[in-house]
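**Student:** Starting off with a structure, shown below.
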Amino acid sequence: MRPRVRQRKTPRVNLTPLIDVVFLLLIFFMVSTTFKDSARIKVMLPSIETEQSEDQHSIELSIQVAANGMMSVNGRELLNSTPLLLKRAISDIAMEKRDIPVTVKVDKNAPFQAVMTVMDVAAQLGLNKLTFPGRKLVQEEE
């Protein structure tokens with residue numbers, strides 16, 4: 001009896017699982033990577049004890065947002081809180097100056113949309129020196 005001669009097949013490497021793994025790694029790194037987000041508005045976060053800066057501007061802009069969302073600019077209450085009216089009020093006070101400091105005082109119960117409207121209008125007018133002052137909480141004596 002003659003032994004059979006087997007024909008040798010050339011080994012094949014299946015690349016499909018390798019491609020699947022590389023694709024999943026690519027998706028993982030794309031999802032988990034953080035991207036640098038450049039903000040249009042530079043917000044200066046306050047500390048509890050602040051001092052008056054020596055750099056006093058002749059024009060100061062103060063915007064208050066009440067708990068019901070109503071806004072006032074430099075103590076003058078706006079009729080309604082639309083971005084157009086706010087933009088006009090700020091433009092009248094700023095007079096084309098872009099380097100004046102803007103102090104935004106917000107009630108803790110104010111709607112967040114009102115604060116975003118103030119920040120958006122300030123960015124549209126080119127005012128990028130926004131300050132949100134903080135208050136130190138006073139503990140009640142029992």
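Residues in the structure tokens are numbered from 1 in each chain, the chains being A, B, ... in the order shown, and ligands are numbered from 1 in the order shown.
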I need the residues of stretch 80-138 of chain A that end up classed as strand (DSSP E or B) by DSSP on the backbone, written out as a VMD selection string.
**Tutor:** chain A and resid 102 to 106 130 to 131
**Student:** Would you mind exporting N, CA and C atoms of the selected residues as a PDB file, in the first residue's frame?
**Tutor:**
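part.pdb was written with the following content:
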ATOM      1  N   VAL A 102     -17.588  94.146  32.716  1.00  0.00           N
ATOM      2  CA  VAL A 102     -19.022  93.887  32.862  1.00  0.00           C
ATOM      3  C   VAL A 102     -19.207  93.019  34.107  1.00  0.00           C
ATOM      4  N   THR A 103     -19.982  93.513  35.053  1.00  0.00           N
ATOM      5  CA  THR A 103     -20.282  92.771  36.262  1.00  0.00           C
ATOM      6  C   THR A 103     -21.696  92.211  36.126  1.00  0.00           C
ATOM      7  N   VAL A 104     -21.812  90.900  36.215  1.00  0.00           N
ATOM      8  CA  VAL A 104     -23.106  90.241  36.082  1.00  0.00           C
ATOM      9  C   VAL A 104     -23.494  89.680  37.447  1.00  0.00           C
ATOM     10  N   LYS A 105     -24.542  90.244  38.032  1.00  0.00           N
ATOM     11  CA  LYS A 105     -25.027  89.787  39.332  1.00  0.00           C
ATOM     12  C   LYS A 105     -26.291  88.974  39.086  1.00  0.00           C
ATOM     13  N   VAL A 106     -26.270  87.731  39.518  1.00  0.00           N
ATOM     14  CA  VAL A 106     -27.366  86.815  39.225  1.00  0.00           C
ATOM     15  C   VAL A 106     -27.949  86.275  40.521  1.00  0.00           C
ATOM     16  N   LEU A 130     -16.054  89.673  31.576  1.00  0.00           N
ATOM     17  CA  LEU A 130     -17.212  89.423  32.430  1.00  0.00           C
ATOM     18  C   LEU A 130     -16.756  88.978  33.811  1.00  0.00           C
ATOM     19  N   THR A 131     -17.422  89.508  34.819  1.00  0.00           N
ATOM     20  CA  THR A 131     -17.132  89.121  36.191  1.00  0.00           C
ATOM     21  C   THR A 131     -18.443  88.735  36.858  1.00  0.00           C
TER      22      THR A 131
END
**Student:** Could you tell me how far atom CA of A:Leu79 sits from atom CA of A:Pro111, in Å to one decimal place?
**Tutor:** 17.2 Å
